[in-house]
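Colleague: Structure file my_file.cif (mmCIF, C-alpha atoms and all ligand atoms) right here:
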data_final
#
loop_
_atom_site.group_PDB
_atom_site.id
_atom_site.type_symbol
_atom_site.label_atom_id
_atom_site.label_comp_id
_atom_site.auth_asym_id
_atom_site.auth_seq_id
_atom_site.Cartn_x
_atom_site.Cartn_y
_atom_site.Cartn_z
ATOM 1 C CA MET B 1 51.685 -105.635 53.276
ATOM 2 C CA GLN B 2 54.426 -107.749 51.695
ATOM 3 C CA GLU B 3 53.259 -110.675 53.844
ATOM 4 C CA LYS B 4 49.744 -110.299 52.451
ATOM 5 C CA THR B 5 50.789 -110.003 48.811
ATOM 6 C CA SER B 6 52.983 -113.053 49.315
ATOM 7 C CA GLU B 7 50.058 -114.938 50.902
ATOM 8 C CA ALA B 8 47.820 -113.929 47.973
ATOM 9 C CA ALA B 9 50.431 -115.207 45.508
ATOM 10 C CA LYS B 10 50.651 -118.532 47.386
ATOM 11 C CA LEU B 11 46.873 -118.957 47.369
ATOM 12 C CA LEU B 12 46.792 -118.217 43.629
ATOM 13 C CA LYS B 13 49.634 -120.663 42.983
ATOM 14 C CA ALA B 14 47.800 -123.387 44.923
ATOM 15 C CA SER B 15 44.520 -122.765 43.099
ATOM 16 C CA ARG B 16 43.584 -124.936 40.124
ATOM 17 C CA HIS B 17 40.903 -122.620 38.815
ATOM 18 C CA PRO B 18 40.982 -119.031 40.078
ATOM 19 C CA VAL B 19 38.563 -116.419 38.725
ATOM 20 C CA PHE B 20 39.135 -112.681 38.726
ATOM 21 C CA LEU B 21 36.325 -110.166 39.335
ATOM 22 C CA SER B 22 36.762 -106.424 38.955
ATOM 23 C CA GLY B 23 34.686 -103.330 39.619
ATOM 24 C CA ALA B 24 35.025 -99.607 39.074
ATOM 25 C CA GLY B 25 37.856 -99.288 41.619
ATOM 26 C CA ILE B 26 40.297 -100.994 39.260
ATOM 27 C CA SER B 27 39.900 -98.109 36.803
ATOM 28 C CA ALA B 28 39.973 -95.381 39.470
ATOM 29 C CA GLU B 29 43.730 -94.908 39.116
ATOM 30 C CA SER B 30 43.193 -94.339 35.387
ATOM 31 C CA GLY B 31 41.060 -91.347 36.346
ATOM 32 C CA ILE B 32 37.643 -92.911 35.740
ATOM 33 C CA PRO B 33 35.161 -91.924 38.471
ATOM 34 C CA THR B 34 33.726 -94.844 40.455
ATOM 35 C CA PHE B 35 29.959 -95.102 40.899
ATOM 36 C CA ARG B 36 29.672 -94.673 44.614
ATOM 37 C CA GLY B 37 32.778 -92.563 45.220
ATOM 38 C CA GLU B 38 32.705 -88.815 45.788
ATOM 39 C CA ASP B 39 33.483 -88.137 42.108
ATOM 40 C CA GLY B 40 30.692 -90.471 40.906
ATOM 41 C CA LEU B 41 28.031 -87.806 40.739
ATOM 42 C CA TRP B 42 27.059 -86.096 37.491
ATOM 43 C CA LYS B 43 24.936 -82.935 37.669
ATOM 44 C CA ASN B 44 23.861 -84.150 41.145
ATOM 45 C CA TYR B 45 22.433 -87.415 39.782
ATOM 46 C CA ARG B 46 23.496 -90.735 41.248
ATOM 47 C CA ALA B 47 24.105 -93.794 39.040
ATOM 48 C CA GLU B 48 20.972 -95.472 40.410
ATOM 49 C CA GLU B 49 18.883 -92.571 39.047
ATOM 50 C CA LEU B 50 20.298 -92.712 35.519
ATOM 51 C CA ALA B 51 21.279 -96.323 34.895
ATOM 52 C CA THR B 52 17.719 -97.554 34.423
ATOM 53 C CA ALA B 53 15.385 -98.162 31.490
ATOM 54 C CA HIS B 54 12.816 -96.031 33.286
ATOM 55 C CA ALA B 55 15.194 -93.034 33.338
ATOM 56 C CA PHE B 56 15.876 -93.464 29.610
ATOM 57 C CA GLN B 57 12.162 -93.654 28.806
ATOM 58 C CA ARG B 58 11.469 -90.548 30.885
ATOM 59 C CA ASP B 59 14.372 -88.449 29.594
ATOM 60 C CA PRO B 60 16.472 -90.187 26.915
ATOM 61 C CA LYS B 61 18.543 -87.082 26.213
ATOM 62 C CA LEU B 62 19.607 -86.699 29.838
ATOM 63 C CA VAL B 63 20.697 -90.334 30.080
ATOM 64 C CA TRP B 64 22.436 -90.162 26.681
ATOM 65 C CA GLN B 65 24.340 -87.065 27.795
ATOM 66 C CA TRP B 66 25.494 -88.803 30.982
ATOM 67 C CA TYR B 67 26.891 -91.621 28.850
ATOM 68 C CA ASN B 68 28.520 -89.104 26.497
ATOM 69 C CA TRP B 69 30.217 -87.489 29.499
ATOM 70 C CA ARG B 70 31.500 -90.866 30.645
ATOM 71 C CA ARG B 71 32.523 -92.005 27.132
ATOM 72 C CA GLN B 72 34.501 -88.778 26.767
ATOM 73 C CA ILE B 73 36.344 -89.353 30.059
ATOM 74 C CA ILE B 74 37.100 -92.991 29.204
ATOM 75 C CA SER B 75 38.364 -92.186 25.712
ATOM 76 C CA GLU B 76 40.850 -89.704 27.190
ATOM 77 C CA LYS B 77 42.234 -92.235 29.715
ATOM 78 C CA LYS B 78 44.290 -95.413 29.561
ATOM 79 C CA PRO B 79 44.467 -98.731 31.416
ATOM 80 C CA ASN B 80 46.665 -98.515 34.531
ATOM 81 C CA ALA B 81 49.168 -100.690 36.407
ATOM 82 C CA ALA B 82 46.332 -102.789 37.840
ATOM 83 C CA HIS B 83 44.972 -103.745 34.389
ATOM 84 C CA TYR B 84 48.506 -104.587 33.205
ATOM 85 C CA GLY B 85 49.106 -106.537 36.436
ATOM 86 C CA VAL B 86 46.058 -108.655 35.594
ATOM 87 C CA VAL B 87 47.456 -109.330 32.105
ATOM 88 C CA LYS B 88 50.756 -110.515 33.628
ATOM 89 C CA LEU B 89 48.908 -112.676 36.143
ATOM 90 C CA GLN B 90 46.872 -114.224 33.350
ATOM 91 C CA LYS B 91 50.072 -115.099 31.476
ATOM 92 C CA LEU B 92 51.144 -117.041 34.591
ATOM 93 C CA ILE B 93 47.657 -118.514 35.105
ATOM 94 C CA PRO B 94 46.167 -118.800 31.589
ATOM 95 C CA GLN B 95 43.005 -120.574 32.776
ATOM 96 C CA MET B 96 41.975 -117.546 34.887
ATOM 97 C CA PRO B 97 38.949 -115.728 33.374
ATOM 98 C CA ILE B 98 38.496 -112.003 33.916
ATOM 99 C CA ILE B 99 34.936 -111.155 34.898
ATOM 100 C CA THR B 100 34.362 -107.428 34.960
ATOM 101 C CA GLN B 101 31.436 -105.217 35.888
ATOM 102 C CA ASN B 102 33.183 -102.349 34.110
ATOM 103 C CA VAL B 103 31.984 -101.057 30.775
ATOM 104 C CA ASP B 104 35.186 -99.134 29.919
ATOM 105 C CA GLY B 105 36.832 -101.966 27.969
ATOM 106 C CA PHE B 106 40.175 -101.388 29.749
ATOM 107 C CA HIS B 107 40.894 -105.056 30.530
ATOM 108 C CA LYS B 108 40.727 -105.903 26.813
ATOM 109 C CA LYS B 109 42.616 -102.735 25.890
ATOM 110 C CA ALA B 110 45.436 -103.776 28.250
ATOM 111 C CA GLY B 111 45.589 -107.156 26.479
ATOM 112 C CA ALA B 112 43.694 -109.474 28.841
ATOM 113 C CA LYS B 113 42.159 -112.624 27.325
ATOM 114 C CA ASN B 114 38.908 -114.394 28.216
ATOM 115 C CA VAL B 115 37.279 -111.186 29.468
ATOM 116 C CA ILE B 116 33.588 -111.396 30.363
ATOM 117 C CA GLU B 117 32.070 -107.895 30.317
ATOM 118 C CA MET B 118 28.998 -108.756 32.362
ATOM 119 C CA HIS B 119 27.518 -105.230 32.288
ATOM 120 C CA GLY B 120 28.296 -104.664 28.586
ATOM 121 C CA ASN B 121 30.416 -102.002 26.912
ATOM 122 C CA ILE B 122 29.770 -98.277 26.952
ATOM 123 C CA PHE B 123 30.931 -97.770 23.361
ATOM 124 C CA GLU B 124 28.344 -100.173 21.939
ATOM 125 C CA THR B 125 24.743 -99.174 21.209
ATOM 126 C CA PHE B 126 21.558 -101.111 20.587
ATOM 127 C CA CYS B 127 17.922 -100.272 19.970
ATOM 128 C CA PHE B 128 15.723 -99.743 23.017
ATOM 129 C CA SER B 129 12.774 -101.224 21.060
ATOM 130 C CA CYS B 130 13.995 -103.964 18.694
ATOM 131 C CA ARG B 131 17.334 -104.556 20.538
ATOM 132 C CA ALA B 132 19.362 -104.701 17.282
ATOM 133 C CA TYR B 133 22.970 -103.623 17.776
ATOM 134 C CA SER B 134 24.178 -100.821 15.485
ATOM 135 C CA ASP B 135 26.680 -98.001 15.639
ATOM 136 C CA ALA B 136 25.622 -94.551 16.773
ATOM 137 C CA ASP B 137 27.396 -91.235 16.695
ATOM 138 C CA THR B 138 28.397 -91.196 20.345
ATOM 139 C CA THR B 139 29.727 -87.651 20.151
ATOM 140 C CA THR B 140 26.447 -85.877 19.459
ATOM 141 C CA GLU B 141 24.088 -84.805 22.224
ATOM 142 C CA GLU B 142 21.097 -85.994 20.196
ATOM 143 C CA VAL B 143 19.657 -89.443 20.803
ATOM 144 C CA GLN B 144 19.491 -91.289 17.497
ATOM 145 C CA LYS B 145 16.891 -93.561 15.927
ATOM 146 C CA CYS B 146 17.604 -97.203 15.152
ATOM 147 C CA GLY B 147 18.448 -97.819 11.499
ATOM 148 C CA VAL B 148 16.927 -101.320 11.639
ATOM 149 C CA CYS B 149 13.374 -100.806 12.980
ATOM 150 C CA LYS B 150 13.490 -97.059 12.153
ATOM 151 C CA SER B 151 11.484 -96.143 15.247
ATOM 152 C CA GLY B 152 13.286 -97.150 18.461
ATOM 153 C CA LEU B 153 15.984 -95.041 20.110
ATOM 154 C CA LEU B 154 19.591 -96.166 20.351
ATOM 155 C CA ARG B 155 20.758 -96.702 23.921
ATOM 156 C CA PRO B 156 24.148 -97.594 25.406
ATOM 157 C CA GLY B 157 25.094 -101.284 25.226
ATOM 158 C CA VAL B 158 25.172 -101.679 28.998
ATOM 159 C CA VAL B 159 23.062 -103.473 31.615
ATOM 160 C CA TRP B 160 20.846 -101.200 33.676
ATOM 161 C CA PHE B 161 19.299 -101.912 37.075
ATOM 162 C CA GLY B 162 16.391 -104.323 36.793
ATOM 163 C CA GLU B 163 17.621 -105.704 33.471
ATOM 164 C CA ALA B 164 18.773 -109.254 32.937
ATOM 165 C CA LEU B 165 22.479 -109.728 32.227
ATOM 166 C CA PRO B 166 23.488 -110.963 28.755
ATOM 167 C CA VAL B 167 22.647 -114.666 28.544
ATOM 168 C CA ASN B 168 26.052 -115.594 27.075
ATOM 169 C CA ALA B 169 27.910 -113.759 29.820
ATOM 170 C CA MET B 170 25.841 -115.363 32.584
ATOM 171 C CA GLN B 171 26.294 -118.828 31.060
ATOM 172 C CA GLN B 172 30.064 -118.354 30.882
ATOM 173 C CA ILE B 173 30.177 -116.978 34.444
ATOM 174 C CA SER B 174 28.125 -119.862 35.753
ATOM 175 C CA ILE B 175 30.525 -122.381 34.156
ATOM 176 C CA GLU B 176 33.550 -120.534 35.567
ATOM 177 C CA LEU B 177 32.073 -120.265 39.077
ATOM 178 C CA GLN B 178 31.243 -123.979 39.093
ATOM 179 C CA LYS B 179 34.921 -124.754 38.424
ATOM 180 C CA ALA B 180 36.335 -122.008 40.672
ATOM 181 C CA ASP B 181 38.295 -122.813 43.818
ATOM 182 C CA LEU B 182 39.399 -119.198 44.381
ATOM 183 C CA ILE B 183 38.079 -115.743 43.548
ATOM 184 C CA LEU B 184 40.197 -112.603 43.440
ATOM 185 C CA VAL B 185 37.918 -109.569 43.775
ATOM 186 C CA VAL B 186 39.307 -106.115 43.003
ATOM 187 C CA GLY B 187 37.766 -102.651 43.395
ATOM 188 C CA THR B 188 34.078 -103.315 43.841
ATOM 189 C CA SER B 189 31.770 -102.123 46.605
ATOM 190 C CA GLY B 190 29.873 -105.435 46.436
ATOM 191 C CA GLN B 191 26.544 -103.632 46.425
ATOM 192 C CA VAL B 192 25.251 -104.745 43.050
ATOM 193 C CA TYR B 193 23.977 -108.229 42.288
ATOM 194 C CA PRO B 194 24.577 -110.720 40.840
ATOM 195 C CA ALA B 195 28.338 -109.874 41.002
ATOM 196 C CA ALA B 196 28.059 -109.140 44.737
ATOM 197 C CA GLY B 197 27.186 -112.794 45.293
ATOM 198 C CA PHE B 198 30.036 -114.421 43.320
ATOM 199 C CA ALA B 199 32.502 -114.616 46.248
ATOM 200 C CA SER B 200 29.869 -116.376 48.394
ATOM 201 C CA VAL B 201 29.278 -118.891 45.600
ATOM 202 C CA VAL B 202 32.983 -119.797 45.579
ATOM 203 C CA GLN B 203 33.261 -119.761 49.390
ATOM 204 C CA SER B 204 30.180 -121.960 49.803
ATOM 205 C CA LYS B 205 32.020 -124.738 47.913
ATOM 206 C CA GLY B 206 35.059 -124.407 50.179
ATOM 207 C CA GLY B 207 36.930 -122.101 47.791
ATOM 208 C CA LYS B 208 39.039 -119.144 48.895
ATOM 209 C CA SER B 209 38.380 -115.454 48.403
ATOM 210 C CA ILE B 210 40.921 -112.654 48.175
ATOM 211 C CA GLU B 211 39.903 -109.025 47.941
ATOM 212 C CA ILE B 212 41.775 -105.826 47.134
ATOM 213 C CA ASN B 213 40.070 -102.547 48.007
ATOM 214 C CA ILE B 214 41.084 -99.150 49.370
ATOM 215 C CA GLU B 215 38.421 -99.757 52.043
ATOM 216 C CA GLN B 216 39.196 -102.641 54.391
ATOM 217 C CA PRO B 217 37.644 -105.801 52.884
ATOM 218 C CA VAL B 218 35.308 -107.871 55.050
ATOM 219 C CA ASN B 219 33.992 -111.454 54.865
ATOM 220 C CA VAL B 220 36.936 -112.685 52.804
ATOM 221 C CA ASP B 221 39.703 -115.186 53.497
ATOM 222 C CA LEU B 222 42.389 -112.637 52.658
ATOM 223 C CA GLY B 223 41.769 -108.901 52.474
ATOM 224 C CA LEU B 224 44.358 -106.474 51.134
ATOM 225 C CA THR B 225 43.667 -102.823 51.879
ATOM 226 C CA GLY B 226 45.220 -100.525 49.308
ATOM 227 C CA LYS B 227 45.286 -99.428 45.711
ATOM 228 C CA ALA B 228 44.801 -102.037 43.012
ATOM 229 C CA GLY B 229 47.504 -100.420 40.857
ATOM 230 C CA GLU B 230 50.057 -100.973 43.615
ATOM 231 C CA LEU B 231 48.958 -104.317 45.051
ATOM 232 C CA LEU B 232 48.252 -106.306 41.880
ATOM 233 C CA PRO B 233 51.778 -105.789 40.446
ATOM 234 C CA GLN B 234 53.210 -106.763 43.862
ATOM 235 C CA ILE B 235 51.187 -109.997 43.858
ATOM 236 C CA VAL B 236 52.527 -110.766 40.376
ATOM 237 C CA GLU B 237 56.103 -110.184 41.593
ATOM 238 C CA GLU B 238 55.561 -112.480 44.569
ATOM 239 C CA TYR B 239 53.992 -115.120 42.330
ATOM 240 C CA MET B 240 57.029 -115.092 40.067
ATOM 241 C CA LYS B 241 59.281 -115.859 43.061
ATOM 242 C CA LEU B 242 57.363 -119.096 43.839
HETATM 243 C C1 LIG B 301 39.430 -99.077 44.852
HETATM 244 C C2 LIG B 301 40.222 -98.091 44.312
HETATM 245 C C3 LIG B 301 41.520 -98.455 44.015
HETATM 246 C C4 LIG B 301 38.340 -97.214 44.616
HETATM 247 N N1 LIG B 301 41.929 -99.702 44.248
HETATM 248 N N2 LIG B 301 39.852 -100.299 45.091
HETATM 249 C C5 LIG B 301 19.637 -109.383 45.149
HETATM 250 C C6 LIG B 301 19.437 -108.613 46.280
HETATM 251 C C7 LIG B 301 19.061 -107.269 46.176
HETATM 252 C C8 LIG B 301 18.889 -106.661 44.925
HETATM 253 C C9 LIG B 301 19.093 -107.421 43.818
HETATM 254 C C10 LIG B 301 19.459 -108.763 43.928
HETATM 255 N N3 LIG B 301 19.590 -109.259 42.669
HETATM 256 C C11 LIG B 301 19.344 -108.255 41.796
HETATM 257 C C12 LIG B 301 19.030 -107.133 42.452
HETATM 258 C C13 LIG B 301 18.708 -105.809 41.827
HETATM 259 C C14 LIG B 301 19.903 -105.066 41.321
HETATM 260 C C15 LIG B 301 20.836 -104.768 42.482
HETATM 261 O O1 LIG B 301 21.839 -105.393 42.687
HETATM 262 N N4 LIG B 301 20.502 -103.754 43.254
HETATM 263 C C16 LIG B 301 21.341 -103.375 44.373
HETATM 264 C C17 LIG B 301 21.641 -101.872 44.272
HETATM 265 C C18 LIG B 301 20.703 -103.801 45.658
HETATM 266 N N5 LIG B 301 20.598 -105.782 40.252
HETATM 267 C C19 LIG B 301 20.184 -105.730 39.006
HETATM 268 O O2 LIG B 301 19.197 -105.090 38.693
HETATM 269 C C20 LIG B 301 20.955 -106.510 37.965
HETATM 270 N N6 LIG B 301 20.049 -107.284 37.196
HETATM 271 C C21 LIG B 301 19.499 -108.409 37.651
HETATM 272 O O3 LIG B 301 19.867 -108.958 38.658
HETATM 273 O O4 LIG B 301 18.531 -108.897 36.825
HETATM 274 C C22 LIG B 301 17.704 -109.958 37.234
HETATM 275 C C23 LIG B 301 16.696 -110.167 36.132
HETATM 276 C C24 LIG B 301 16.520 -111.446 35.629
HETATM 277 C C25 LIG B 301 15.597 -111.645 34.610
HETATM 278 C C26 LIG B 301 14.863 -110.581 34.091
HETATM 279 C C27 LIG B 301 15.058 -109.302 34.575
HETATM 280 C C28 LIG B 301 15.977 -109.102 35.613
HETATM 281 C C29 LIG B 301 21.637 -105.575 36.971
HETATM 282 C C30 LIG B 301 22.671 -104.741 37.604
HETATM 283 C C31 LIG B 301 23.232 -103.765 36.577
HETATM 284 C C32 LIG B 301 24.176 -102.777 37.215
HETATM 285 N N7 LIG B 301 24.452 -101.757 36.302
HETATM 286 C C33 LIG B 301 25.433 -100.745 36.629
HETATM 287 C C34 LIG B 301 25.464 -99.736 35.479
HETATM 288 C C35 LIG B 301 26.146 -100.363 34.262
HETATM 289 C C36 LIG B 301 26.139 -99.457 33.109
HETATM 290 C C37 LIG B 301 26.943 -98.234 33.355
HETATM 291 O O5 LIG B 301 28.154 -98.305 33.572
HETATM 292 O O6 LIG B 301 26.326 -97.172 33.300
HETATM 293 O O7 LIG B 301 26.712 -101.337 36.810
HETATM 294 S S1 LIG B 301 25.163 -99.931 38.199
HETATM 295 C C38 LIG B 301 26.854 -99.758 38.605
HETATM 296 O O8 LIG B 301 27.175 -100.549 39.792
HETATM 297 C C39 LIG B 301 27.621 -100.416 37.453
HETATM 298 C C40 LIG B 301 28.709 -101.151 38.172
HETATM 299 O O9 LIG B 301 29.244 -102.170 37.352
HETATM 300 C C41 LIG B 301 28.010 -101.646 39.402
HETATM 301 C C42 LIG B 301 28.929 -102.032 40.523
HETATM 302 O O10 LIG B 301 29.656 -100.927 40.978
HETATM 303 P P1 LIG B 301 31.161 -101.130 41.441
HETATM 304 O O11 LIG B 301 31.974 -101.558 40.295
HETATM 305 O O12 LIG B 301 31.203 -101.977 42.634
HETATM 306 O O13 LIG B 301 31.581 -99.609 41.762
HETATM 307 P P2 LIG B 301 31.435 -98.795 43.135
HETATM 308 O O14 LIG B 301 31.627 -97.369 42.808
HETATM 309 O O15 LIG B 301 30.198 -99.171 43.849
HETATM 310 O O16 LIG B 301 32.651 -99.316 44.025
HETATM 311 C C43 LIG B 301 34.001 -99.036 43.721
HETATM 312 C C44 LIG B 301 34.861 -99.727 44.766
HETATM 313 O O17 LIG B 301 36.222 -99.555 44.408
HETATM 314 C C45 LIG B 301 34.697 -99.152 46.181
HETATM 315 O O18 LIG B 301 34.552 -100.236 47.082
HETATM 316 C C46 LIG B 301 36.019 -98.428 46.432
HETATM 317 O O19 LIG B 301 36.409 -98.465 47.805
HETATM 318 C C47 LIG B 301 36.965 -99.210 45.566
HETATM 319 N N8 LIG B 301 38.125 -98.484 45.071
HETATM 320 N N9 LIG B 301 39.445 -96.915 44.213
HETATM 321 C C48 LIG B 301 41.028 -100.584 44.815
HETATM 322 N N10 LIG B 301 42.380 -97.546 43.510
#
Show the structure stored in the file as structure tokens.
Modeller:
Amino acid sequence: MQEKTSEAAKLLKASRHPVFLSGAGISAESGIPTFRGEDGLWKNYRAEELATAHAFQRDPKLVWQWYNWRRQIISEKKPNAAHYGVVKLQKLIPQMPIITQNVDGFHKKAGAKNVIEMHGNIFETFCFSCRAYSDADTTTEEVQKCGVCKSGLLRPGVVWFGEALPVNAMQQISIELQKADLILVVGTSGQVYPAAGFASVVQSKGGKSIEINIEQPVNVDLGLTGKAGELLPQIVEEYMKL
């Protein structure tokens, strides 16, 4: 594996504009369940059944309780060696943006800069009707009404299936992908679009792709099979030797 971490470091060193993309796997070693892993189920529901506007309309309390369960887990956990590895890498490569599908806020908590939370943040809430952002009591089981329009229900500040991604985030991502000559993808199953298509965008312009995953990566220039919390710090070490 040392050969591969060294190769990854060399590719990063040679890149003028690398971008970093993370998914749930980067927070797995913090103890946060991934979506499609064995521990991703809640009361026998899969993410696809709960992370939709339709599910919230049908049973807002159920969806709210799922988010409470997840907020509770996240608030008891901390960023891990992978998140801190990214921070160190970004100190060496300050132009590298961190695009994350994760809503746990761990990249920012670890100290990363230029973080684009493309699926939002689980601790934020906005109105399902008027879309105004306001704080909710995220510890109670009861879904709360919006204080602005007084009628809509407050929902988690995340992007559900079938919903458009935040315009600002997509604009920033589009600018970064246009400049990118390398993408480092960590801990995502690559099943959810648009993030699942970012590596192809970079590759289609002749850019390189590196992927870290506990499952063997496919369709990438360099795949590293293993835990993000072990491999990212090793890549940083190798980079510092160059
Ligand atoms: C480790 C590890 C360790 C473990 N180290 N690795 C094109 C084709 C087909 C469908 C579509 C398409 N474009 C859009 C769609 C529809 C849809 C979609 O993609 N569906 C697919 C299921 C087919 N996409 C959307 O609806 C998106 N919206 C959209 O495109 O809008 C268009 C539009 C425009 C204008 C108007 C209206 C609409 C929105 C997608 C939103 C996704 N939301 C969720 C929930 C967020 C909120 C929440 O957290 O509750 O985002 S779903 C869920 O999946 C979550 C995640 O961010 C996302 C990705 O999951 P991720 O991160 O990859 O996790 P896992 O569990 O799948 O994988 C973990 C990986 O880690 C595994 O590979 C492990 O092996 C690995 N791992 N431990 C390294 N230690």
Colleague: Let me have all residues with an atom within 7 Å of ligand LIG 301 (chain B), counting all atoms listed in the file, laid out as a ChimeraX atom specification.
Modeller: /B:22-26,28-29,34-37,47-48,51,101-103,119,122,158-165,186-194,212-215,226-229
Colleague: Suppose you want the space between atom CA of B:Ala180 and atom CA of B:Val202; what is it in Å?
Modeller: 6.3 Å
Colleague: Emit as lines of an AutoDock Vina configuration file the padded axis-aligned box for all listed atoms of stretch 218-236 of chain B, 8 Å per side, with centre and edge lengths in Å to one decimal.
Modeller:
center_x = 43.6
center_y = -107.3
center_z = 47.7
size_x = 35.2
size_y = 31.8
size_z = 30.7
Colleague: Find the spatial neighbours of B:Arg155, counting all atoms listed in the file, within a cut-off of 9 Å - ignore same-chain residues fewer than 3 positions away - and output them as a ChimeraX atom specification.
Modeller: /B:56,60,63-64,124-128,136,143-144,158
Colleague: For B:Trp42, which residue out of B:Leu154, B:Ala81, B:Leu62, B:Cys130 is the nearest one, using only C-alpha atoms?
Modeller: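 For B:Trp42, the nearest of the candidates is B:Leu62.
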Colleague: Quick one: pull the distance between atom CA of B:Lys10 and atom CA of B:Lys109, Å, one decimal.
Modeller: 27.9 Å
Colleague: Using only C-alpha atoms, determine which residues lie at most 9 Å from B:Gly85, disregarding the query and same-chain residues fewer than 3 positions distant; provide the list as a PyMOL selection string.
Modeller: chain B and resi 80-82+88-90+229+231-236
Colleague: Between atom CA of B:Gly157 and atom CA of B:Pro97, what distance in Å does the model show, to one decimal?
Modeller: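 Atom-to-atom, atom CA of B:Gly157 to atom CA of B:Pro97, that is 21.6 Å.
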Colleague: Spell out the residues picked by the PyMOL selection byres (((chain B and resi 168-175) around 8) and not hetatm) here, as a PyMOL selection string.
Modeller: chain B and resi 99+116-118+165-167+176-179
Colleague: Residues at most 9 Å from B:Lys77, counting only C-alpha atoms, excluding those fewer than 3 positions away in the same chain, as a ChimeraX atom specification?
Modeller: /B:30-32,72-74
Colleague: Using all atoms listed in the file, determine which residues lie at most 7 Å from B:His107, disregarding the query and same-chain residues fewer than 4 positions distant; provide the list as a PyMOL selection string.
Modeller: chain B and resi 83+111-112
Colleague: Apply the PyMOL selection byres (((chain B and resi 8) around 10) and not hetatm) to the structure shown and report the selected residues as an MDAnalysis selection string.
Modeller: chainID B and resid 2:7 9:14 184 209:211 221:224 232 234:236 238:239
Colleague: Which is closer to B:Pro94 than all the others in B:Arg58, B:Val19, B:Pro33, B:Arg71, using all atoms listed in the file?
Modeller: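 Closest residue, counting all atoms listed in the file: B:Val19.
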Colleague: Nearest to B:Phe198 among B:Lys78, B:Asn121, B:Glu230, B:Thr100, with distances taken over only C-alpha atoms: which residue is it?
Modeller: B:Thr100
Colleague: Ranking B:Asp181, B:Glu142, B:Asp39, B:Asp104 by minimum distance to B:Gly206 and counting all atoms listed in the file, which one comes first?
Modeller: B:Asp181
Colleague: Quick one: residues within 10 Å of B:Glu141, all atoms listed in the file, excluding same-chain residues fewer than 3 positions away - as a list in words?
Modeller: Lys61, Leu62, Trp64, Gln65, Trp66, Tyr67, Asn68, Trp69, Asp137, Thr138 and Gln144 of chain B
